[in-house]
Each structure stands twice: as C-alpha cells, then as structure tokens.
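Shown here: upload.cif, mmCIF, C-alpha atoms.
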data_query
loop_
_atom_site.label_atom_id
_atom_site.label_comp_id
_atom_site.auth_asym_id
_atom_site.auth_seq_id
_atom_site.Cartn_x
_atom_site.Cartn_y
_atom_site.Cartn_z
CA MET A 265 16.89 -12.37 -12.03
CA GLU A 266 16.08 -16.07 -12.05
CA LYS A 267 19.35 -16.56 -13.97
CA GLY A 268 21.24 -14.88 -11.14
CA TYR A 269 21.95 -11.62 -12.93
CA SER A 270 22.26 -8.60 -10.69
CA TRP A 271 19.75 -5.76 -11.05
CA ASP A 272 22.28 -3.41 -12.59
CA LEU A 273 22.76 -5.93 -15.41
CA ILE A 274 19.02 -6.36 -15.76
CA GLU A 275 18.64 -2.60 -15.99
CA VAL A 276 21.20 -2.55 -18.81
CA LEU A 277 19.50 -5.44 -20.66
CA SER A 278 16.01 -3.99 -20.31
CA GLY A 279 17.37 -0.53 -21.10
CA VAL A 280 17.60 -1.33 -24.82
CA GLY A 281 13.90 -2.25 -24.75
CA LYS A 282 13.03 1.02 -23.02
CA ASN A 283 14.98 2.89 -25.68
CA LEU A 284 13.06 1.05 -28.38
CA ALA A 285 9.69 1.89 -26.84
CA ARG A 286 10.68 5.54 -26.45
CA SER A 287 12.37 6.21 -29.76
CA GLY A 288 12.07 3.24 -32.11
CA LEU A 289 15.83 2.71 -31.76
CA SER A 290 17.50 0.39 -29.24
CA ILE A 291 20.94 1.98 -29.08
CA LEU A 292 20.97 5.73 -28.51
CA PRO A 293 23.96 8.07 -28.19
CA GLU A 294 23.44 8.21 -24.41
CA THR A 295 23.50 4.38 -24.26
CA TYR A 296 26.95 4.38 -25.76
CA ALA A 297 28.08 7.18 -23.50
CA ARG A 298 27.42 4.80 -20.60
CA MET A 299 29.16 1.91 -22.36
CA ASP A 300 32.29 3.80 -23.29
CA PRO A 301 32.37 7.26 -21.69
CA LYS A 302 35.96 7.81 -22.80
CA LYS A 303 35.13 7.73 -26.47
CA ALA A 304 31.46 8.60 -26.69
CA GLU A 305 31.03 11.44 -29.08
CA LYS A 306 29.88 14.41 -27.05
CA GLU A 307 28.92 16.38 -30.10
CA LEU A 308 27.38 13.61 -32.15
CA ALA A 309 24.88 15.90 -33.89
CA LYS A 310 27.67 18.25 -35.00
CA THR A 311 29.84 15.35 -36.15
CA ARG A 312 26.97 13.80 -38.10
CA LEU A 313 26.34 17.11 -39.86
CA GLU A 314 30.04 17.39 -40.73
CA MET A 315 29.82 13.95 -42.30
CA GLY A 316 26.93 15.07 -44.46
CA LEU A 317 24.33 13.11 -42.47
CA SER A 318 21.19 14.42 -40.76
CA GLU A 319 21.71 15.95 -37.31
CA ARG A 320 20.08 13.02 -35.55
CA TYR A 321 18.87 9.63 -36.68
CA GLU A 322 15.15 9.65 -36.03
CA VAL A 323 12.17 7.42 -36.59
CA SER A 324 9.00 8.93 -38.07
CA SER A 325 5.85 9.54 -36.01
CA LYS A 326 3.99 7.09 -38.25
CA ALA A 327 6.54 4.39 -37.37
CA MET A 328 6.24 5.24 -33.67
CA GLU A 329 2.46 4.88 -33.77
CA GLU A 330 2.73 1.45 -35.36
CA LEU A 331 5.52 0.42 -33.01
CA GLU A 332 3.38 1.36 -30.03
CA VAL A 333 0.70 -1.09 -31.18
CA ILE A 334 3.28 -3.86 -31.69
CA LEU A 335 4.87 -3.39 -28.27
CA LYS A 336 1.49 -3.30 -26.56
CA GLU A 337 0.11 -6.34 -28.39
CA THR A 338 3.23 -8.45 -27.80
CA GLY A 339 3.06 -7.64 -24.08
CA PHE A 340 6.50 -6.06 -24.26
CA VAL A 341 5.50 -2.84 -22.50
CA GLU A 342 3.91 -4.81 -19.65
CA PHE A 343 7.01 -7.02 -19.50
CA LEU A 344 9.31 -3.99 -19.14
CA GLU A 345 7.08 -2.58 -16.42
CA LYS A 346 7.26 -5.86 -14.49
CA VAL A 347 11.06 -5.96 -14.83
CA GLY A 348 11.19 -2.40 -13.49
CA GLU A 349 9.02 -3.34 -10.51
CA ARG A 350 11.12 -6.42 -9.70
CA VAL A 351 14.34 -4.41 -9.84
CA LYS A 352 12.81 -1.76 -7.58
CA GLU A 353 11.62 -4.38 -5.08
CA SER A 354 15.05 -6.04 -4.98
CA LYS A 355 16.82 -2.74 -4.46
CA GLU A 356 14.47 -1.80 -1.63
CA SER A 357 14.77 -5.16 0.09
CA VAL A 358 18.58 -4.85 0.13
CA GLU A 359 18.44 -1.25 1.33
CA ASN A 360 16.07 -2.26 4.15
CA TYR A 361 18.10 -5.30 5.18
CA MET B 6 34.80 -20.51 -51.20
CA VAL B 7 32.07 -18.24 -52.54
CA ASN B 8 28.83 -19.99 -53.40
CA PRO B 9 28.14 -19.07 -57.07
CA GLU B 10 24.39 -19.46 -56.72
CA ARG B 11 24.26 -17.07 -53.77
CA LEU B 12 26.49 -14.61 -55.62
CA ARG B 13 24.20 -14.77 -58.66
CA ARG B 14 21.19 -13.85 -56.49
CA ILE B 15 22.75 -10.48 -55.61
CA PRO B 16 21.39 -8.09 -58.23
CA ASP B 17 23.85 -6.00 -60.23
CA GLU B 18 21.42 -3.15 -60.59
CA GLY B 19 17.98 -1.95 -59.57
CA LYS B 20 16.75 -0.06 -56.55
CA PHE B 21 18.01 -0.91 -53.06
CA PHE B 22 16.77 -0.02 -49.58
CA TYR B 23 19.67 0.92 -47.31
CA PHE B 24 18.61 -0.36 -43.87
CA ARG B 25 20.33 1.81 -41.26
CA GLY B 26 21.08 0.29 -37.87
CA CYS B 27 20.95 2.16 -34.55
CA PHE B 28 24.51 1.25 -33.57
CA VAL B 29 25.91 2.54 -36.85
CA ASN B 30 23.99 5.80 -36.65
CA ASN B 31 24.37 6.57 -32.99
CA VAL B 32 27.85 5.22 -32.29
CA TYR B 33 29.70 4.95 -35.62
CA PRO B 34 27.93 7.29 -38.04
CA GLY B 35 31.14 7.26 -40.08
CA ILE B 36 30.12 3.80 -41.29
CA GLU B 37 26.84 5.16 -42.68
CA ALA B 38 28.70 8.07 -44.29
CA ALA B 39 31.17 5.58 -45.81
CA THR B 40 28.49 3.19 -47.09
CA ARG B 41 26.62 6.09 -48.71
CA PHE B 42 29.85 7.40 -50.24
CA VAL B 43 30.74 4.06 -51.83
CA LEU B 44 27.20 3.41 -53.08
CA GLU B 45 27.06 6.88 -54.62
CA ARG B 46 30.46 6.47 -56.26
CA LEU B 47 29.31 3.17 -57.74
CA GLY B 48 26.14 4.83 -59.01
CA VAL B 49 23.89 2.53 -56.99
CA ASP B 50 20.25 3.63 -56.78
CA PHE B 51 19.32 3.44 -53.08
CA VAL B 52 16.71 4.83 -50.72
CA VAL B 53 16.47 5.23 -46.95
CA SER B 54 13.36 5.75 -44.85
CA GLU B 55 12.56 7.20 -41.45
CA ASP B 56 9.65 4.76 -41.35
CA GLN B 57 12.02 1.90 -40.53
CA THR B 58 12.69 1.13 -36.87
CA CYS B 59 15.38 -0.83 -35.05
CA CYS B 60 15.76 -4.39 -36.37
CA GLY B 61 14.92 -5.91 -32.97
CA THR B 62 18.18 -7.81 -32.41
CA PRO B 63 19.15 -6.07 -29.13
CA GLU B 64 15.81 -7.02 -27.53
CA PHE B 65 15.98 -10.55 -28.93
CA ASN B 66 19.49 -11.07 -27.54
CA SER B 67 18.79 -9.46 -24.17
CA LEU B 68 15.24 -10.46 -23.42
CA ASN B 69 14.37 -13.49 -25.63
CA THR B 70 11.50 -11.69 -27.29
CA ASP B 71 10.56 -13.86 -30.28
CA THR B 72 7.38 -12.12 -31.36
CA VAL B 73 8.79 -8.64 -30.83
CA LEU B 74 11.55 -9.58 -33.29
CA THR B 75 9.21 -11.08 -35.89
CA CYS B 76 6.82 -8.11 -35.65
CA LEU B 77 9.60 -5.51 -35.94
CA VAL B 78 11.21 -7.32 -38.85
CA GLY B 79 7.81 -7.99 -40.43
CA ARG B 80 6.89 -4.32 -40.18
CA ASN B 81 10.27 -3.30 -41.64
CA THR B 82 9.88 -5.74 -44.55
CA SER B 83 6.49 -4.18 -45.24
CA ILE B 84 8.05 -0.68 -45.36
CA ILE B 85 10.93 -1.90 -47.53
CA SER B 86 8.76 -3.81 -50.02
CA GLU B 87 6.79 -0.63 -50.76
CA GLN B 88 9.93 0.51 -52.61
CA THR B 89 12.01 -2.54 -53.56
CA PRO B 90 12.55 -6.19 -52.63
CA TYR B 91 16.31 -5.63 -52.10
CA VAL B 92 17.75 -4.57 -48.74
CA LEU B 93 21.36 -3.62 -48.03
CA THR B 94 22.75 -3.56 -44.51
CA ASP B 95 26.21 -2.85 -43.10
CA CYS B 96 25.54 -4.44 -39.70
CA ASN B 97 25.66 -8.16 -38.88
CA GLY B 98 23.02 -7.68 -36.19
CA CYS B 99 20.51 -6.14 -38.61
CA TYR B 100 21.45 -8.73 -41.25
CA SER B 101 20.81 -11.66 -38.95
CA SER B 102 17.57 -10.19 -37.55
CA PHE B 103 15.88 -10.65 -40.94
CA HIS B 104 17.09 -14.24 -41.23
CA MET B 105 16.27 -15.14 -37.61
CA ALA B 106 12.78 -13.70 -38.00
CA GLU B 107 12.22 -15.71 -41.18
CA ASP B 108 13.24 -18.86 -39.29
CA LEU B 109 10.99 -18.01 -36.33
CA MET B 110 8.06 -17.53 -38.70
CA GLU B 111 8.30 -21.26 -39.47
CA ASP B 112 6.81 -21.82 -36.00
CA PRO B 113 3.02 -21.78 -36.54
CA LYS B 114 2.29 -20.22 -33.14
CA ILE B 115 4.71 -17.33 -33.70
CA ARG B 116 3.55 -16.89 -37.30
CA VAL B 117 -0.14 -16.65 -36.37
CA GLU B 118 0.55 -14.20 -33.54
CA THR B 119 2.85 -12.07 -35.72
CA GLU B 120 0.32 -11.95 -38.55
CA ARG B 121 -2.45 -10.98 -36.09
CA ILE B 122 -0.43 -8.07 -34.68
CA LEU B 123 0.82 -6.83 -38.05
CA LYS B 124 -2.73 -6.91 -39.41
CA LYS B 125 -3.72 -4.45 -36.66
CA ILE B 126 -1.42 -1.87 -38.22
CA GLY B 127 -2.37 -2.80 -41.77
CA ARG B 128 0.86 -4.62 -42.56
CA LYS B 129 2.15 -8.09 -43.29
CA PHE B 130 5.48 -9.91 -43.26
CA GLU B 131 6.82 -9.53 -46.81
CA LYS B 132 9.53 -11.52 -48.55
CA VAL B 133 12.61 -9.38 -49.17
CA GLU B 134 16.15 -10.22 -50.27
CA VAL B 135 18.54 -9.16 -47.53
CA ILE B 136 22.07 -8.49 -48.78
CA HIS B 137 25.00 -7.80 -46.51
CA ILE B 138 26.97 -4.80 -47.77
CA ALA B 139 30.16 -6.91 -47.79
CA ASP B 140 28.52 -9.42 -50.17
CA PHE B 141 27.29 -6.57 -52.35
CA PHE B 142 30.71 -4.93 -52.50
CA TYR B 143 32.32 -8.28 -53.33
CA LYS B 144 29.98 -8.60 -56.30
CA LYS B 145 31.09 -5.10 -57.33
CA THR B 146 34.84 -5.74 -56.88
CA ARG B 147 35.72 -4.95 -60.49
CA GLU B 148 33.82 -1.68 -60.41
CA ILE B 149 35.38 -0.81 -57.05
CA VAL B 150 38.88 -1.45 -58.36
CA ARG B 151 38.11 0.83 -61.31
CA ASN B 152 36.90 3.57 -58.95
CA ILE B 153 39.65 3.63 -56.35
CA THR B 154 42.26 6.39 -56.32
CA MET B 155 44.43 4.78 -53.63
CA THR B 156 45.60 1.22 -52.96
CA LEU B 157 46.31 -0.51 -49.65
CA GLY B 158 50.11 -0.28 -49.93
CA GLY B 159 50.75 -3.85 -48.84
CA VAL B 160 49.28 -3.38 -45.36
CA LYS B 161 48.64 -6.77 -43.74
CA PHE B 162 44.97 -7.15 -42.85
CA ALA B 163 43.27 -9.76 -40.67
CA VAL B 164 39.62 -10.12 -41.61
CA HIS B 165 36.93 -10.73 -38.99
CA TYR B 166 33.56 -11.80 -40.42
CA GLY B 167 31.57 -12.16 -37.17
CA CYS B 168 29.17 -14.77 -35.81
CA HIS B 169 26.01 -12.97 -36.89
CA TYR B 170 27.25 -13.02 -40.45
CA SER B 171 28.63 -16.56 -40.63
CA HIS B 172 27.28 -18.83 -37.92
CA VAL B 173 23.78 -17.45 -37.56
CA ASN B 174 23.14 -17.40 -41.29
CA GLY B 175 25.30 -20.32 -42.39
CA GLU B 176 23.05 -21.42 -45.20
CA LYS B 177 22.45 -17.90 -46.45
CA ALA B 178 25.93 -16.41 -46.20
CA LEU B 179 27.86 -15.85 -49.40
CA ASP B 180 30.90 -17.84 -48.32
CA SER B 181 31.80 -20.91 -46.24
CA VAL B 182 31.06 -20.75 -42.51
CA GLU B 183 34.25 -22.59 -41.53
CA ASN B 184 36.66 -20.58 -43.63
CA PRO B 185 35.21 -17.58 -45.41
CA SER B 186 37.70 -15.82 -47.66
CA PHE B 187 35.94 -13.42 -50.05
CA ILE B 188 37.03 -10.28 -48.19
CA GLU B 189 40.62 -11.52 -48.19
CA GLU B 190 40.24 -11.83 -51.95
CA MET B 191 39.06 -8.20 -52.11
CA ILE B 192 41.93 -7.03 -49.90
CA GLY B 193 44.36 -8.65 -52.34
CA GLU B 194 42.68 -6.96 -55.33
CA LEU B 195 42.97 -3.62 -53.54
CA GLY B 196 46.71 -3.89 -52.96
CA GLY B 197 46.68 -5.16 -49.39
CA GLU B 198 48.02 -8.39 -47.95
CA PRO B 199 45.43 -10.58 -46.24
CA VAL B 200 46.77 -12.74 -43.41
CA GLU B 201 45.40 -16.11 -42.37
CA TYR B 202 45.12 -16.62 -38.62
CA VAL B 203 44.08 -19.57 -36.50
CA GLU B 204 41.13 -17.96 -34.68
CA LYS B 205 39.48 -16.50 -37.77
CA VAL B 206 35.99 -17.80 -36.99
CA LEU B 207 36.17 -17.10 -33.26
CA CYS B 208 33.67 -14.57 -31.89
CA CYS B 209 34.93 -11.01 -31.27
CA GLY B 210 33.90 -11.49 -27.65
CA PHE B 211 30.64 -9.58 -27.72
CA GLY B 212 28.66 -12.81 -27.78
CA GLY B 213 25.17 -11.29 -27.94
CA ILE B 214 24.97 -10.14 -24.34
CA GLN B 215 28.00 -11.99 -22.97
CA GLN B 216 30.08 -8.82 -22.74
CA THR B 217 27.45 -7.45 -20.39
CA VAL B 218 26.73 -10.51 -18.27
CA HIS B 219 30.01 -12.46 -18.40
CA LYS B 220 32.71 -9.82 -18.84
CA THR B 221 35.71 -11.98 -17.89
CA ILE B 222 34.89 -14.72 -20.40
CA SER B 223 34.05 -12.17 -23.06
CA TYR B 224 37.36 -10.32 -22.62
CA ALA B 225 39.28 -13.62 -22.69
CA VAL B 226 37.72 -14.43 -26.07
CA THR B 227 38.58 -10.97 -27.43
CA GLU B 228 42.15 -11.35 -26.21
CA LYS B 229 42.49 -14.79 -27.81
CA LYS B 230 41.20 -13.42 -31.09
CA LEU B 231 43.56 -10.41 -31.11
CA ASP B 232 46.57 -12.51 -30.06
CA SER B 233 45.93 -14.84 -32.97
CA MET B 234 45.85 -11.89 -35.40
CA VAL B 235 49.07 -10.44 -34.00
CA GLU B 236 50.78 -13.82 -34.16
CA ALA B 237 49.93 -14.05 -37.86
CA GLY B 238 51.57 -10.69 -38.50
CA ALA B 239 48.44 -8.58 -38.99
CA GLU B 240 48.87 -4.80 -38.96
CA ALA B 241 45.17 -3.88 -39.10
CA ILE B 242 41.74 -5.49 -38.90
CA VAL B 243 38.84 -5.32 -41.35
CA VAL B 244 35.37 -6.03 -39.98
CA ILE B 245 31.92 -6.07 -41.55
CA CYS B 246 29.97 -5.30 -38.36
CA PRO B 247 29.89 -2.17 -36.16
CA TYR B 248 29.47 -4.22 -32.94
CA CYS B 249 32.57 -6.31 -33.71
CA LEU B 250 34.42 -3.09 -34.54
CA ASN B 251 33.41 -1.69 -31.17
CA VAL B 252 34.53 -4.75 -29.21
CA LEU B 253 37.92 -5.18 -30.91
CA ASP B 254 38.63 -1.45 -30.84
CA LYS B 255 37.45 -0.73 -27.30
CA TYR B 256 39.34 -3.66 -25.77
CA GLN B 257 42.60 -2.46 -27.29
CA GLY B 258 41.76 1.14 -26.39
CA ASN B 259 41.38 0.21 -22.74
CA LEU B 260 44.79 -1.50 -22.78
CA LEU B 261 46.34 1.50 -24.51
CA ASP B 262 45.00 3.78 -21.78
CA ILE B 263 46.88 1.87 -19.12
CA GLU B 264 49.95 1.42 -21.33
CA MET B 265 49.58 -2.34 -21.53
CA LEU B 266 49.61 -2.58 -25.33
CA ASP B 267 52.53 -1.74 -27.59
CA ASN B 268 51.23 -2.50 -31.06
CA PRO B 269 47.48 -2.03 -31.34
CA LEU B 270 45.70 -3.07 -34.54
CA PRO B 271 43.46 -0.36 -36.04
CA VAL B 272 39.95 -1.70 -36.72
CA ILE B 273 38.18 -0.55 -39.88
CA HIS B 274 34.76 -1.39 -41.31
CA ILE B 275 34.80 -2.57 -44.94
CA SER B 276 32.69 0.45 -45.99
CA GLN B 277 35.16 2.87 -44.36
CA LEU B 278 38.10 1.12 -46.04
CA LEU B 279 36.55 1.26 -49.50
CA ALA B 280 35.43 4.87 -49.08
CA LEU B 281 38.95 5.79 -48.06
CA LEU B 282 40.38 4.14 -51.19
CA MET B 283 37.79 5.89 -53.33
CA GLY B 284 38.93 9.28 -52.12
CA ALA B 285 36.70 10.12 -49.14
CA GLU B 286 38.23 12.47 -46.58
CA PRO B 287 39.23 10.45 -43.47
CA GLN B 288 37.55 12.94 -41.08
CA LYS B 289 34.25 12.33 -42.85
CA LEU B 290 34.50 8.59 -42.17
CA GLY B 291 34.41 8.89 -38.38
CA PHE B 292 37.86 7.53 -37.57
CA GLN B 293 38.07 10.09 -34.75
CA MET B 294 35.54 7.90 -32.92
CA HIS B 295 37.86 4.87 -32.92
CA ARG B 296 39.99 4.23 -29.84
CA VAL B 297 42.92 2.79 -31.80
CA PRO B 298 44.29 5.44 -34.18
CA VAL B 299 43.88 4.63 -37.87
CA GLU B 300 46.41 7.20 -39.15
CA GLU B 301 49.21 4.63 -39.58
CA VAL B 302 47.09 2.66 -42.09
CA ILE B 303 46.07 5.86 -43.91
CA SER B 304 49.69 7.00 -44.14
CA ARG B 305 50.65 3.78 -45.91
CA LEU B 306 48.05 4.01 -48.66
CA VAL B 307 49.61 4.41 -52.08
CA SER B 308 48.09 6.33 -54.95
CA LYS B 309 46.79 4.06 -57.68
CA GLU B 310 48.75 5.91 -60.36
CA SER B 311 52.12 5.38 -58.68
CA LYS B 312 51.24 1.73 -58.06
CA GLU B 313 50.46 1.28 -61.76
CA GLU B 314 53.73 2.97 -62.76
CA GLU B 315 55.63 0.34 -60.74
#

Now that the file is in, can you turn its structure into structure tokens?
Amino acid sequence: MEKGYSWDLIEVLSGVGKNLARSGLSILPETYARMDPKKAEKELAKTRLEMGLSERYEVSSKAMEELEVILKETGFVEFLEKVGERVKESKESVENY
Amino acid sequence: MVNPERLRRIPDEGKFFYFRGCFVNNVYPGIEAATRFVLERLGVDFVVSEDQTCCGTPEFNSLNTDTVLTCLVGRNTSIISEQTPYVLTDCNGCYSSFHMAEDLMEDPKIRVETERILKKIGRKFEKVEVIHIADFFYKKTREIVRNITMTLGGVKFAVHYGCHYSHVNGEKALDSVENPSFIEEMIGELGGEPVEYVEKVLCCGFGGIQQTVHKTISYAVTEKKLDSMVEAGAEAIVVICPYCLNVLDKYQGNLLDIEMLDNPLPVIHISQLLALLMGAEPQKLGFQMHRVPVEEVISRLVSKESKEEE
C-alpha cells in the first residue's frame, strides 16, 4: 500500500501466499481461473487423469506440518493477517467516506 | 556459446528428482506429462515426491520474503537430497528459486535465521545440483535425435529463454546471457529452422509481478517481443518456462478474441515439442489449454523415415 498499489492488487499479490499457507502450492487451479477465465480448464482433474497424471497435484500432510512451522517462524502468517486487516480497513474507510 | 564446464557437470546418468512446479501442474499439466514422457523414452531414472512444496518464487516476487524463500528451498533441498543430489525442473521460476536462495544464504543474518527455522523441523539446507530440463535435454540431443519419430518439417521457430533462466542465473546458466543459442542448435538438429530476432533476450512481459501491477508496461514489452519475432519470420515460439508460455500465449489469445491478430505464433514448451516428436499424442500434451492453436505446427511435422529418404 505504501507503494501506491490498490487493495485489489494487494489481494492478488498476497493471495499466492494464502494459497501457499493453505495448500503448500502458490498457484492453484482457481487462481488461474481468475487470471484467465476464458481458458482456465474447468475439468482440470479429468484432463490430468487423461494425461496419465494424478487427479490433483497435492502436497503431503508431512510437508504441510513442516510448512506450517516455517510460515509461523518466519512471521509470514502474521504478515498475511496484517495485510488482510489493512486491506479491510482501507475498503471500509472508502465505503464510509 | 555453451560453456563446456557447465555442460560437463550435467550427469549423463544416475537418479534424478523431478521438481514439479505449481504453475505447470495446475495450469499447464501437459508440460509435466510431456517432461515425464521424454524422460521415460530416454530411460532416465527419476523420482517425484509429494513431500516437496512450492519453490517460493511467487511469494518472493510478490512480497519480498527472503527467509520464506530460503526456508522453502532449504526444506525442498533436504527432501531431494534424501534421494539424489540431482534436481530437474521445467520451470524458470523453480530453477531460479534454488539459485536465488543459495545467493541469499551468503547473507549471515538470513543464513542463521534459516538454519534456526529448518532445525525446528529437523532439516537443513543441503547442496543439490539444479539442472534446467532444457540444459538436460541439450546434453541428451544425440539420444533425442535417435528417439524421435517425427521431425520439425522446416518450421521456423523463435526461441525465448526467459529472464529467470538467463539473467537471474547468469553465472550458472549453460549458455551465454547475452545471446544464448543452444536451443536453436537443437531445433536445427530436429529438422526445424531457428530464427534470430533482435529482442531475443527481452523479457516476455511478465516481469515478476509487473503484469499484475503495471499492466500497460508489461503488455508493451510483450508486444515488442512478439513483433520482433514476427519481423524475423518466425512461425512458432519455443519456450522453456510455463510462465513465459502463459504470457506470450495469453496476450495473443486476447488479440485473437477481438480479431486484432491475423497470424498468431503458437507457443510450445521444449518438453511438449520433444514429446510430440517422440510420438506422444498431442491431446496428452495439453495443447487444448493453449489460447493460440498449435495444430498448424503439428500438421507440418514430417515423419523421420520420409525425411531420411529425401
């Protein structure tokens, strides 16, 4: 925000971090659906299976447990929460103007 | 020109860890299918693991998170080194994340903090050899040529290497930063015609986060790049990065939608191209997910036998 980016941009930029914290992956099928709705694969799981890949690319629970520690210790989770609060405050202040 | 010492460091055999990126898997899974197909055809021994996570590049680009990057990469190197010291990746973002993290670890403050956090999960930052799939395939050119069933039929290809391959990893990349040419060499060996174009080392336009925060500038860069390729007579583009593929393909797709582009250039990842020549079915390589149709390139491929008869 200090760089003058609007909150919708900040939501996009912090969105990859939220994805990471939630799934261990930064870019998810739904992320791309927002980026390019015209070409996002609606049946990605089916297409992956047809290609001989697993239905969905997933990260193991062991990896998620370790990732959780990393994101907590680096302060990344707290950082994302603060970004979320700032975006919310800005939105409210404009709506109340 | 290819650096012989860097080429020598790429092992001919052994076990490899195929590091799968989120963008490849969740947007262009055809690239993963293609990479697997080529590796299997070449008889390469490789493993994958669900214990790997994202490489950390998207957070690093968007949010300047140094220690998140070094911890994610450090954790991934720990997972990888349990199986092999050699990592293959088909994404410039993943490729550069390993190199950027190694550089960041030179900073004592970041190193100490990273080691502290990794120790909490019983891991440490291990030394691994990160090999871009394009470099690996170049080393295997002779074997690839032996294994193809189709040739490129003289199609004129412009090659885009990408900033996160060349500029970010200048000292570690296989070829020159200013004028890389090893993929052009491969294209020639495979029966295609590589074209030289003025803006070869220009960014695709993605620019880390520039396409999100500075759209107009980003699109102008993409346009300049594509214009330069068209001017040189290119009929298709070969990339080595899924993000670059996305940018060059989507930009043209948007123009096609509003009928503002007559001759779009299909964009193909090097893994998809090689898999195609080795006999993979096009529908299993994910071309249906590209905005610019690839059928024209596929229709011009020539069987290797008829090429040899000539």

Spell out the residues picked by the PyMOL selection byres ((chain A) within 8 of (chain B)) here, as a PDB file with C-alpha atoms, keeping the file's coordinate frame.
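What landed in part37.pdb:
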ATOM      1  CA  TYR A 269      21.950 -11.620 -12.930  1.00  0.00           C
ATOM      2  CA  LEU A 273      22.760  -5.930 -15.410  1.00  0.00           C
ATOM      3  CA  LEU A 277      19.500  -5.440 -20.660  1.00  0.00           C
ATOM      4  CA  SER A 278      16.010  -3.990 -20.310  1.00  0.00           C
ATOM      5  CA  VAL A 280      17.600  -1.330 -24.820  1.00  0.00           C
ATOM      6  CA  GLY A 281      13.900  -2.250 -24.750  1.00  0.00           C
ATOM      7  CA  LEU A 284      13.060   1.050 -28.380  1.00  0.00           C
ATOM      8  CA  GLY A 288      12.070   3.240 -32.110  1.00  0.00           C
ATOM      9  CA  LEU A 289      15.830   2.710 -31.760  1.00  0.00           C
ATOM     10  CA  SER A 290      17.500   0.390 -29.240  1.00  0.00           C
ATOM     11  CA  ILE A 291      20.940   1.980 -29.080  1.00  0.00           C
ATOM     12  CA  LEU A 292      20.970   5.730 -28.510  1.00  0.00           C
ATOM     13  CA  PRO A 293      23.960   8.070 -28.190  1.00  0.00           C
ATOM     14  CA  TYR A 296      26.950   4.380 -25.760  1.00  0.00           C
ATOM     15  CA  ASP A 300      32.290   3.800 -23.290  1.00  0.00           C
ATOM     16  CA  LYS A 303      35.130   7.730 -26.470  1.00  0.00           C
ATOM     17  CA  ALA A 304      31.460   8.600 -26.690  1.00  0.00           C
ATOM     18  CA  GLU A 305      31.030  11.440 -29.080  1.00  0.00           C
ATOM     19  CA  LEU A 308      27.380  13.610 -32.150  1.00  0.00           C
ATOM     20  CA  ARG A 312      26.970  13.800 -38.100  1.00  0.00           C
ATOM     21  CA  GLU A 314      30.040  17.390 -40.730  1.00  0.00           C
ATOM     22  CA  MET A 315      29.820  13.950 -42.300  1.00  0.00           C
ATOM     23  CA  GLY A 316      26.930  15.070 -44.460  1.00  0.00           C
ATOM     24  CA  LEU A 317      24.330  13.110 -42.470  1.00  0.00           C
ATOM     25  CA  TYR A 321      18.870   9.630 -36.680  1.00  0.00           C
ATOM     26  CA  GLU A 322      15.150   9.650 -36.030  1.00  0.00           C
ATOM     27  CA  VAL A 323      12.170   7.420 -36.590  1.00  0.00           C
ATOM     28  CA  SER A 324       9.000   8.930 -38.070  1.00  0.00           C
ATOM     29  CA  LYS A 326       3.990   7.090 -38.250  1.00  0.00           C
ATOM     30  CA  ALA A 327       6.540   4.390 -37.370  1.00  0.00           C
ATOM     31  CA  GLU A 330       2.730   1.450 -35.360  1.00  0.00           C
ATOM     32  CA  LEU A 331       5.520   0.420 -33.010  1.00  0.00           C
ATOM     33  CA  VAL A 333       0.700  -1.090 -31.180  1.00  0.00           C
ATOM     34  CA  ILE A 334       3.280  -3.860 -31.690  1.00  0.00           C
ATOM     35  CA  LEU A 335       4.870  -3.390 -28.270  1.00  0.00           C
ATOM     36  CA  GLU A 337       0.110  -6.340 -28.390  1.00  0.00           C
ATOM     37  CA  THR A 338       3.230  -8.450 -27.800  1.00  0.00           C
ATOM     38  CA  PHE A 340       6.500  -6.060 -24.260  1.00  0.00           C
TER      39      PHE A 340
END

As a check of understanding: the span from atom CA of Glu134 of chain B to atom CA of Glu107 of chain B is 11.3 Å

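Going from atom CA of Ile242 of chain B over to atom CA of Gly167 of chain B, you cover 12.3 Å.
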
Residues matched by the PyMOL selection byres ((chain B and resi 305) around 8), written as a ChimeraX atom specification = /B:157-158,160,301-304,306-307

Practice task
Report as a PyMOL selection string the full result of the PyMOL selection byres ((chain B and resi 193) around 12) when it is applied to this structure.
Solution key: chain B and resi 146+150+156-164+186-192+194-200

What separates atom CA of Ala297 of chain A and atom CA of Val297 of chain B is a distance of 17.6 Å

* Asked: Can you tell me, as a PyMOL selection string, what residues are no more than 9 Å from Ala106 of chain B when counting all atoms listed in the file, ignoring any on the same chain fewer than 4 positions away?
  -> chain B and resi 71-72+74-76+78-79+101-102+110-111

Neighbour list for Thr82 of chain B as a list of chain:residue names, cut-off 7 Å, all atoms listed in the file, skip fewer than 6 positions in-chain
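Residues near the query, excluding close chain neighbours: B:Phe130, B:Glu131, B:Val133.
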